[in-house]
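Next comes data05.cif, with mmCIF, C-alpha atoms.
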```cif
data_query
#
loop_
_atom_site.group_PDB
_atom_site.id
_atom_site.type_symbol
_atom_site.label_atom_id
_atom_site.label_comp_id
_atom_site.auth_asym_id
_atom_site.auth_seq_id
_atom_site.Cartn_x
_atom_site.Cartn_y
_atom_site.Cartn_z
ATOM 1 C CA MET A 21 98.511 105.260 109.308
ATOM 2 C CA ASN A 22 96.870 102.403 107.424
ATOM 3 C CA GLN A 23 99.081 99.914 109.286
ATOM 4 C CA LEU A 24 98.428 101.530 112.654
ATOM 5 C CA VAL A 25 94.652 101.706 112.160
ATOM 6 C CA GLY A 26 94.436 98.274 110.542
ATOM 7 C CA GLU A 27 92.293 99.566 107.678
ATOM 8 C CA ARG A 28 93.029 101.255 104.355
ATOM 9 C CA ILE A 29 91.990 104.794 105.255
ATOM 10 C CA SER A 30 94.514 106.775 103.173
ATOM 11 C CA ILE A 31 95.293 106.081 99.526
ATOM 12 C CA ALA A 32 98.958 105.320 98.914
ATOM 13 C CA THR A 33 100.985 105.377 95.699
ATOM 14 C CA PHE A 34 104.633 105.682 94.757
ATOM 15 C CA LYS A 35 104.056 109.275 93.635
ATOM 16 C CA ALA A 36 104.642 112.398 95.714
ATOM 17 C CA GLN A 37 101.687 114.507 96.861
ATOM 18 C CA THR A 38 99.298 111.557 96.902
ATOM 19 C CA THR A 39 97.654 112.792 100.114
ATOM 20 C CA ARG A 40 95.882 116.146 99.740
ATOM 21 C CA HIS A 41 93.653 116.329 102.814
ATOM 22 C CA ARG A 42 94.000 115.792 106.543
ATOM 23 C CA ILE A 43 92.435 112.383 107.161
ATOM 24 C CA MET A 44 91.702 110.909 110.572
ATOM 25 C CA GLY A 45 91.908 107.197 111.370
ATOM 26 C CA ILE A 46 90.558 106.070 114.723
ATOM 27 C CA VAL A 47 91.741 103.108 116.811
ATOM 28 C CA ASN A 48 89.445 101.982 119.624
ATOM 29 C CA THR A 49 90.171 99.447 122.359
ATOM 30 C CA PRO A 50 88.474 98.999 125.767
ATOM 31 C CA GLU A 51 91.306 101.040 127.351
ATOM 32 C CA MET A 52 91.958 103.783 124.825
ATOM 33 C CA GLN A 53 91.104 105.723 121.695
ATOM 34 C CA ILE A 54 93.884 106.923 119.393
ATOM 35 C CA VAL A 55 92.993 109.434 116.685
ATOM 36 C CA PHE A 56 95.644 109.387 113.971
ATOM 37 C CA SER A 57 95.737 112.368 111.635
ATOM 38 C CA ASP A 58 97.360 111.724 108.268
ATOM 39 C CA THR A 59 98.366 114.954 106.526
ATOM 40 C CA PRO A 60 99.851 115.832 103.131
ATOM 41 C CA GLY A 61 103.614 115.744 102.883
ATOM 42 C CA VAL A 62 105.488 118.959 103.551
ATOM 43 C CA LEU A 63 106.350 120.847 100.376
ATOM 44 C CA LYS A 64 107.111 124.333 99.107
ATOM 45 C CA PRO A 65 103.844 125.569 97.552
ATOM 46 C CA ASN A 66 103.770 126.548 93.886
ATOM 47 C CA TYR A 67 100.010 127.200 93.646
ATOM 48 C CA LYS A 68 96.993 127.619 95.928
ATOM 49 C CA LEU A 69 96.168 123.894 96.149
ATOM 50 C CA GLN A 70 99.640 123.222 97.542
ATOM 51 C CA GLU A 71 99.202 126.137 99.963
ATOM 52 C CA SER A 72 96.081 124.413 101.297
ATOM 53 C CA MET A 73 97.934 121.096 101.539
ATOM 54 C CA LEU A 74 100.711 122.727 103.574
ATOM 55 C CA ALA A 75 98.095 124.353 105.807
ATOM 56 C CA PHE A 76 96.637 120.892 106.512
ATOM 57 C CA SER A 77 100.123 119.716 107.537
ATOM 58 C CA GLU A 78 100.721 122.733 109.772
ATOM 59 C CA SER A 79 97.304 122.357 111.412
ATOM 60 C CA ALA A 80 98.508 119.062 112.884
ATOM 61 C CA LEU A 81 101.113 121.006 114.851
ATOM 62 C CA GLN A 82 98.363 122.942 116.623
ATOM 63 C CA ASP A 83 96.270 120.191 118.187
ATOM 64 C CA ALA A 84 98.365 117.018 118.388
ATOM 65 C CA ASP A 85 99.260 115.320 121.681
ATOM 66 C CA VAL A 86 102.060 113.362 119.995
ATOM 67 C CA LEU A 87 103.651 114.238 116.666
ATOM 68 C CA LEU A 88 104.850 111.524 114.283
ATOM 69 C CA TYR A 89 107.197 113.032 111.709
ATOM 70 C CA VAL A 90 107.552 110.490 108.890
ATOM 71 C CA THR A 91 110.638 110.539 106.704
ATOM 72 C CA ASP A 92 112.463 107.754 104.867
ATOM 73 C CA VAL A 93 115.948 106.560 104.006
ATOM 74 C CA VAL A 94 116.252 108.687 100.847
ATOM 75 C CA GLU A 95 114.572 111.995 101.740
ATOM 76 C CA ASN A 96 116.728 115.101 101.883
ATOM 77 C CA PRO A 97 115.747 116.915 105.134
ATOM 78 C CA GLU A 98 117.191 120.229 103.978
ATOM 79 C CA LYS A 99 114.200 120.902 101.706
ATOM 80 C CA ASN A 100 111.874 121.129 104.731
ATOM 81 C CA MET A 101 114.028 123.150 107.127
ATOM 82 C CA GLU A 102 111.380 125.833 107.680
ATOM 83 C CA PHE A 103 108.820 123.238 108.748
ATOM 84 C CA LEU A 104 111.406 121.385 110.839
ATOM 85 C CA GLY A 105 112.097 124.633 112.669
ATOM 86 C CA LYS A 106 108.454 124.678 113.776
ATOM 87 C CA VAL A 107 108.662 121.025 114.850
ATOM 88 C CA GLN A 108 111.804 121.763 116.855
ATOM 89 C CA LYS A 109 109.945 124.372 118.923
ATOM 90 C CA MET A 110 107.107 122.041 119.895
ATOM 91 C CA THR A 111 106.678 121.062 123.528
ATOM 92 C CA ILE A 112 104.759 117.829 122.865
ATOM 93 C CA PRO A 113 106.565 114.482 122.332
ATOM 94 C CA VAL A 114 107.943 114.093 118.802
ATOM 95 C CA ILE A 115 108.678 110.679 117.294
ATOM 96 C CA LEU A 116 110.650 110.731 114.063
ATOM 97 C CA LEU A 117 109.957 107.660 111.932
ATOM 98 C CA VAL A 118 112.615 106.660 109.403
ATOM 99 C CA ASN A 119 110.464 104.590 107.042
ATOM 100 C CA LYS A 120 111.425 102.249 104.175
ATOM 101 C CA ILE A 121 114.428 100.721 105.940
ATOM 102 C CA ASP A 122 113.595 97.588 103.920
ATOM 103 C CA GLU A 123 115.111 99.446 100.954
ATOM 104 C CA LEU A 124 118.524 99.507 102.642
ATOM 105 C CA LYS A 125 120.856 96.589 101.999
ATOM 106 C CA VAL A 126 121.256 94.103 104.844
ATOM 107 C CA SER A 127 124.874 95.096 105.274
ATOM 108 C CA SER A 128 124.143 98.818 105.436
ATOM 109 C CA GLY A 129 123.745 99.226 109.193
ATOM 110 C CA GLU A 130 126.269 102.030 108.990
ATOM 111 C CA ALA A 131 124.105 103.871 106.443
ATOM 112 C CA LEU A 132 121.083 103.676 108.763
ATOM 113 C CA ALA A 133 123.215 104.868 111.683
ATOM 114 C CA GLU A 134 124.328 107.875 109.628
ATOM 115 C CA ILE A 135 120.725 108.703 108.719
ATOM 116 C CA VAL A 136 119.649 108.473 112.366
ATOM 117 C CA GLU A 137 122.573 110.606 113.507
ATOM 118 C CA HIS A 138 121.825 113.285 110.911
ATOM 119 C CA TRP A 139 118.183 113.477 111.977
ATOM 120 C CA HIS A 140 119.231 113.583 115.619
ATOM 121 C CA SER A 141 121.296 116.681 114.847
ATOM 122 C CA LEU A 142 118.245 118.326 113.228
ATOM 123 C CA LEU A 143 115.682 117.292 115.870
ATOM 124 C CA PRO A 144 117.689 116.573 119.033
ATOM 125 C CA ASN A 145 114.602 116.235 121.236
ATOM 126 C CA ALA A 146 112.833 113.700 119.016
ATOM 127 C CA GLU A 147 112.749 109.962 119.570
ATOM 128 C CA ILE A 148 113.907 108.241 116.380
ATOM 129 C CA LEU A 149 112.455 104.888 115.320
ATOM 130 C CA PRO A 150 113.499 103.058 112.120
ATOM 131 C CA ILE A 151 110.466 101.290 110.616
ATOM 132 C CA SER A 152 109.166 99.589 107.508
ATOM 133 C CA ALA A 153 105.440 100.236 107.152
ATOM 134 C CA LYS A 154 105.398 97.965 104.112
ATOM 135 C CA ASN A 155 106.764 95.004 106.095
ATOM 136 C CA LYS A 156 105.169 96.041 109.422
ATOM 137 C CA PHE A 157 108.609 96.216 111.024
ATOM 138 C CA GLY A 158 108.560 98.439 114.105
ATOM 139 C CA VAL A 159 104.820 99.211 113.826
ATOM 140 C CA ASP A 160 103.838 97.327 117.010
ATOM 141 C CA MET A 161 106.681 98.969 118.926
ATOM 142 C CA LEU A 162 105.537 102.373 117.662
ATOM 143 C CA LEU A 163 101.944 101.726 118.708
ATOM 144 C CA LYS A 164 103.081 100.723 122.178
ATOM 145 C CA ARG A 165 105.158 103.895 122.508
ATOM 146 C CA ILE A 166 102.238 106.064 121.392
ATOM 147 C CA GLN A 167 100.056 104.461 124.076
ATOM 148 C CA GLU A 168 102.651 105.354 126.695
ATOM 149 C CA LEU A 169 102.711 109.000 125.593
ATOM 150 C CA LEU A 170 98.968 109.616 125.258
ATOM 151 C CA PRO A 171 97.367 111.858 127.895
ATOM 152 C CA GLU A 172 94.211 110.849 129.745
ATOM 153 C CA SER A 173 91.129 112.326 128.084
ATOM 154 C CA PRO A 174 87.518 111.509 127.244
ATOM 155 C CA ALA A 175 87.032 109.841 123.852
ATOM 156 C CA PHE A 176 86.556 112.296 120.992
ATOM 157 C CA PHE A 177 84.632 109.900 118.734
ATOM 158 C CA ASP A 178 82.142 107.053 119.057
ATOM 159 C CA LYS A 179 83.683 103.680 119.803
ATOM 160 C CA ASP A 180 82.587 102.199 116.476
ATOM 161 C CA GLN A 181 83.828 105.115 114.349
ATOM 162 C CA LEU A 182 86.805 104.455 112.076
ATOM 163 C CA THR A 183 87.359 107.871 110.470
ATOM 164 C CA ASP A 184 85.996 111.412 110.319
ATOM 165 C CA LYS A 185 85.430 111.298 106.556
ATOM 166 C CA PRO A 186 82.124 110.404 104.812
ATOM 167 C CA ALA A 187 81.716 107.601 102.276
ATOM 168 C CA ARG A 188 81.765 110.013 99.316
ATOM 169 C CA PHE A 189 85.276 111.134 100.291
ATOM 170 C CA PHE A 190 86.651 107.608 99.943
ATOM 171 C CA VAL A 191 84.976 107.169 96.570
ATOM 172 C CA SER A 192 86.702 110.286 95.214
ATOM 173 C CA GLU A 193 90.036 109.265 96.764
ATOM 174 C CA ILE A 194 89.950 105.750 95.316
ATOM 175 C CA ILE A 195 89.196 107.100 91.834
ATOM 176 C CA ARG A 196 91.988 109.644 92.224
ATOM 177 C CA GLU A 197 94.362 106.881 93.334
ATOM 178 C CA LYS A 198 93.748 104.999 90.073
ATOM 179 C CA ILE A 199 94.445 108.191 88.122
ATOM 180 C CA LEU A 200 97.733 108.608 90.009
ATOM 181 C CA LEU A 201 98.669 105.048 89.087
ATOM 182 C CA TYR A 202 97.677 105.081 85.409
ATOM 183 C CA TYR A 203 98.619 108.571 84.174
ATOM 184 C CA ASP A 204 102.008 110.283 84.013
ATOM 185 C CA LYS A 205 103.517 113.733 84.423
ATOM 186 C CA GLU A 206 101.168 116.581 85.357
ATOM 187 C CA ILE A 207 97.849 114.823 84.685
ATOM 188 C CA PRO A 208 97.263 113.296 88.180
ATOM 189 C CA TYR A 209 98.091 116.604 89.872
ATOM 190 C CA SER A 210 95.650 118.548 87.673
ATOM 191 C CA VAL A 211 92.740 116.294 88.631
ATOM 192 C CA GLU A 212 90.011 116.617 91.253
ATOM 193 C CA VAL A 213 87.224 114.055 91.699
ATOM 194 C CA VAL A 214 83.733 114.978 92.910
ATOM 195 C CA VAL A 215 80.986 112.477 93.746
ATOM 196 C CA GLU A 216 77.681 113.889 92.530
ATOM 197 C CA ARG A 217 75.496 110.877 93.328
ATOM 198 C CA PHE A 218 75.841 108.226 96.021
ATOM 199 C CA LYS A 219 72.722 106.104 96.407
ATOM 200 C CA GLU A 220 73.005 103.030 98.596
ATOM 201 C CA ASP A 221 70.711 100.140 99.431
ATOM 202 C CA ASP A 222 71.260 96.798 101.153
ATOM 203 C CA LYS A 223 73.082 95.151 98.250
ATOM 204 C CA LYS A 224 74.465 97.830 95.936
ATOM 205 C CA ILE A 225 75.622 101.423 95.589
ATOM 206 C CA HIS A 226 75.006 103.666 92.565
ATOM 207 C CA ILE A 227 77.722 106.286 92.132
ATOM 208 C CA ASN A 228 78.111 109.138 89.661
ATOM 209 C CA ALA A 229 81.492 110.874 89.799
ATOM 210 C CA VAL A 230 83.068 113.737 87.860
ATOM 211 C CA ILE A 231 86.785 114.032 87.144
ATOM 212 C CA TYR A 232 87.705 117.696 86.827
ATOM 213 C CA VAL A 233 90.799 118.731 84.861
ATOM 214 C CA GLU A 234 92.258 122.150 84.020
ATOM 215 C CA ARG A 235 92.622 121.890 80.229
ATOM 216 C CA ASP A 236 90.748 120.442 77.262
ATOM 217 C CA SER A 237 93.924 118.585 76.297
ATOM 218 C CA GLN A 238 93.957 116.920 79.732
ATOM 219 C CA LYS A 239 90.340 115.856 79.278
ATOM 220 C CA GLY A 240 91.343 114.083 76.066
ATOM 221 C CA ILE A 241 94.189 112.273 77.792
ATOM 222 C CA ILE A 242 91.975 111.162 80.697
ATOM 223 C CA ILE A 243 89.356 109.770 78.305
ATOM 224 C CA GLY A 244 91.877 108.255 75.898
ATOM 225 C CA HIS A 245 91.338 106.903 72.405
ATOM 226 C CA GLN A 246 87.720 105.691 72.097
ATOM 227 C CA GLY A 247 87.362 106.042 75.862
ATOM 228 C CA VAL A 248 89.771 103.191 76.633
ATOM 229 C CA ALA A 249 91.783 105.015 79.322
ATOM 230 C CA LEU A 250 88.733 106.233 81.238
ATOM 231 C CA LYS A 251 87.165 102.784 81.064
ATOM 232 C CA LYS A 252 90.302 101.251 82.579
ATOM 233 C CA VAL A 253 90.321 103.747 85.460
ATOM 234 C CA SER A 254 86.594 103.248 86.062
ATOM 235 C CA THR A 255 86.904 99.465 86.071
ATOM 236 C CA GLU A 256 89.829 99.425 88.500
ATOM 237 C CA ALA A 257 88.116 101.997 90.737
ATOM 238 C CA ARG A 258 84.906 99.960 90.772
ATOM 239 C CA LYS A 259 86.793 96.830 91.841
ATOM 240 C CA ALA A 260 88.508 98.722 94.662
ATOM 241 C CA LEU A 261 85.222 100.301 95.758
ATOM 242 C CA GLU A 262 83.484 96.920 95.870
ATOM 243 C CA LYS A 263 86.251 95.668 98.133
ATOM 244 C CA PHE A 264 86.081 98.811 100.290
ATOM 245 C CA PHE A 265 82.282 98.838 100.742
ATOM 246 C CA ASP A 266 81.730 95.061 100.373
ATOM 247 C CA LYS A 267 78.828 95.703 97.988
ATOM 248 C CA HIS A 268 78.123 95.700 94.262
ATOM 249 C CA ILE A 269 79.043 99.074 92.766
ATOM 250 C CA PHE A 270 77.494 100.729 89.721
ATOM 251 C CA LEU A 271 79.938 103.478 88.800
ATOM 252 C CA GLU A 272 79.562 106.144 86.123
ATOM 253 C CA VAL A 273 82.455 108.548 85.608
ATOM 254 C CA PHE A 274 82.415 111.766 83.563
ATOM 255 C CA VAL A 275 85.207 114.229 82.735
ATOM 256 C CA LYS A 276 84.787 118.029 82.817
ATOM 257 C CA VAL A 277 87.110 121.019 82.458
ATOM 258 C CA ASP A 278 87.369 123.533 85.313
ATOM 259 C CA LYS A 279 90.070 125.895 84.110
ATOM 260 C CA ASP A 280 92.906 126.559 86.594
ATOM 261 C CA TRP A 281 90.924 125.197 89.559
ATOM 262 C CA ARG A 282 94.170 124.574 91.504
ATOM 263 C CA SER A 283 94.791 128.327 91.653
ATOM 264 C CA SER A 284 91.223 129.427 92.446
ATOM 265 C CA LYS A 285 90.361 129.955 96.124
ATOM 266 C CA LYS A 286 86.661 129.721 95.311
ATOM 267 C CA GLU A 287 87.029 126.382 93.551
ATOM 268 C CA LEU A 288 89.348 125.020 96.248
ATOM 269 C CA ASP A 289 86.764 125.918 98.883
ATOM 270 C CA ASN A 290 84.089 124.186 96.814
ATOM 271 C CA PHE A 291 86.282 121.081 96.603
ATOM 272 C CA GLY A 292 86.842 121.018 100.376
ATOM 273 C CA TYR A 293 90.391 122.373 100.582
ATOM 274 C CA ASN A 294 89.716 124.928 103.299
ATOM 275 C CA PRO A 295 91.871 123.839 106.284
ATOM 276 C CA GLU A 296 89.799 125.845 108.764
#
```

Show how you would write the structure in this file as structure tokens.
Amino acid sequence: MNQLVGERISIATFKAQTTRHRIMGIVNTPEMQIVFSDTPGVLKPNYKLQESMLAFSESALQDADVLLYVTDVVENPEKNMEFLGKVQKMTIPVILLVNKIDELKVSSGEALAEIVEHWHSLLPNAEILPISAKNKFGVDMLLKRIQELLPESPAFFDKDQLTDKPARFFVSEIIREKILLYYDKEIPYSVEVVVERFKEDDKKIHINAVIYVERDSQKGIIIGHQGVALKKVSTEARKALEKFFDKHIFLEVFVKVDKDWRSSKKELDNFGYNPE
């Protein structure tokens, strides 16, 4: 979606489950408005947070005019057969994107053909496009095809609007992205970031954010010895936020324990994980 919109709307890391919410990116031209909806990846839920993430993914099946199902050259489709069954029943156009073809060897045209053929057997009505979002290969062709498939409709958003999310959302996502990059194992998946203060003027933004974890031991890991780990995350987040907002950022980050928040409906609602 970031390539299609031309702006960095969704955080992206090499780790699974990076995206937790449904995030809209809006492309406006004099002739059209495309509203892209980036959802969490499809997964089998193990706790309530993942149930909410799956609900965000399934909500896209309800109101889309065109569905882009993104896979890659290494994903095993069999793990998502239940979701694919729902996609198969859809009456709207479905485009299946086989991403990361840059990771295939130059001589492996046969491997790509096998991948395409396998997906064709699973989703026979879908158009299949090999792409590399990283290298922008196939992105222009995809955008052109989406334009051809879009129905006529009034614009849903203002012409100068880029996304449906507020500034605070991107602050929390950028901090969470740095946590995904700098911590291992379960730590990034046990974290939620909440912006408690966002005060902006012409030249600078003052931000107070809280990193919530589920255990006292996780709090210690996030902070690190003499606060070194938290300082690193805060510094990298501040740099990214200054680039995002094009302003000086004063960022204060605190760490608190909210026991088992991933399994609490009340806490998930408070953190904005209600798909309705």

Worksheet item: Exactly which residues make up the result of the PyMOL selection byres ((chain A and resi 21) around 8) on this file, given as an MDAnalysis selection string?
Response: chainID A and resid 22:25 29:30 45 56:58

Worksheet item: With only C-alpha atoms as the atoms that count, which of A:Ile194, A:Leu201, A:His138, A:Gly240 lies nearest to Glu262 (chain A)?
Response: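 Looking at the shortest contact to Glu262 (chain A), the residue is A:Ile194.
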
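Note on the selection: in this file the PyMOL selection byres ((chain A and resi 34) around 12) comes out as A:Ile31, A:Ala32, A:Thr33, A:Lys35, A:Ala36, A:Gln37, A:Thr38, A:Thr39, A:Glu197, A:Lys198, A:Leu200, A:Leu201, A:Tyr202, A:Asp204.
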
Worksheet entry | Ground truth for the PyMOL selection byres ((chain A and resi 169) around 12), written as number ranges by chain | A: 52, 54, 84-88, 112-115, 147, 162-168, 170-172

Calculate, to one decimal in Å, the centre and edge lengths of the box along x, y and z of the file that holds all listed atoms of region 71-78 of chain A with 3 Å of margin on each side, and present them as JSON.
```
{"center_x": 98.4, "center_y": 122.9, "center_z": 104.9, "size_x": 10.6, "size_y": 12.4, "size_z": 15.8}
```

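Relative to CA of Pro295 (chain A), CA of Thr59 (chain A) is found at 11.0 Å.
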
Worksheet entry | Pick from A:Ala229, A:Val159, A:Val275, A:Val211 nearest to Ala257 (chain A), counting all atoms listed in the file |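 Nearest to Ala257 (chain A): A:Ala229.
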
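Distance annotation: of A:Lys205, A:Glu27, A:Ala249, A:Val277, the residue with the minimal separation from Val230 (chain A) is A:Val277; atom set is only C-alpha atoms.
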
Discussion item. Please compute the CA of Gly129 (chain A)-CA of Asp92 (chain A) distance, one decimal, in Å.
Written reply: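 CA of Asp92 (chain A) lies 14.8 Å from CA of Gly129 (chain A).
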
Discussion item. Taking all atoms listed in the file into account, name the residue in A:Ile241, A:Ile195, A:Val248, A:Ile231 that is nearest to Ile207 (chain A).
Written reply: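 Going through A:Ile241, A:Ile195, A:Val248, A:Ile231 one by one, the smallest distance to Ile207 (chain A) is for A:Ile241.
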
Worksheet item: Using only C-alpha atoms, which of the listed residues (A:Lys224, A:Arg258, A:Ala75, A:Val213) sits closest to Phe274 (chain A)?
Response: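 With only C-alpha atoms as the atom set, the closest residue is A:Val213.
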
Item to complete: Can you work out the spacing between CA of Asp280 (chain A) and CA of Gly292 (chain A) in Å, to one decimal?
Response: 16.0 Å
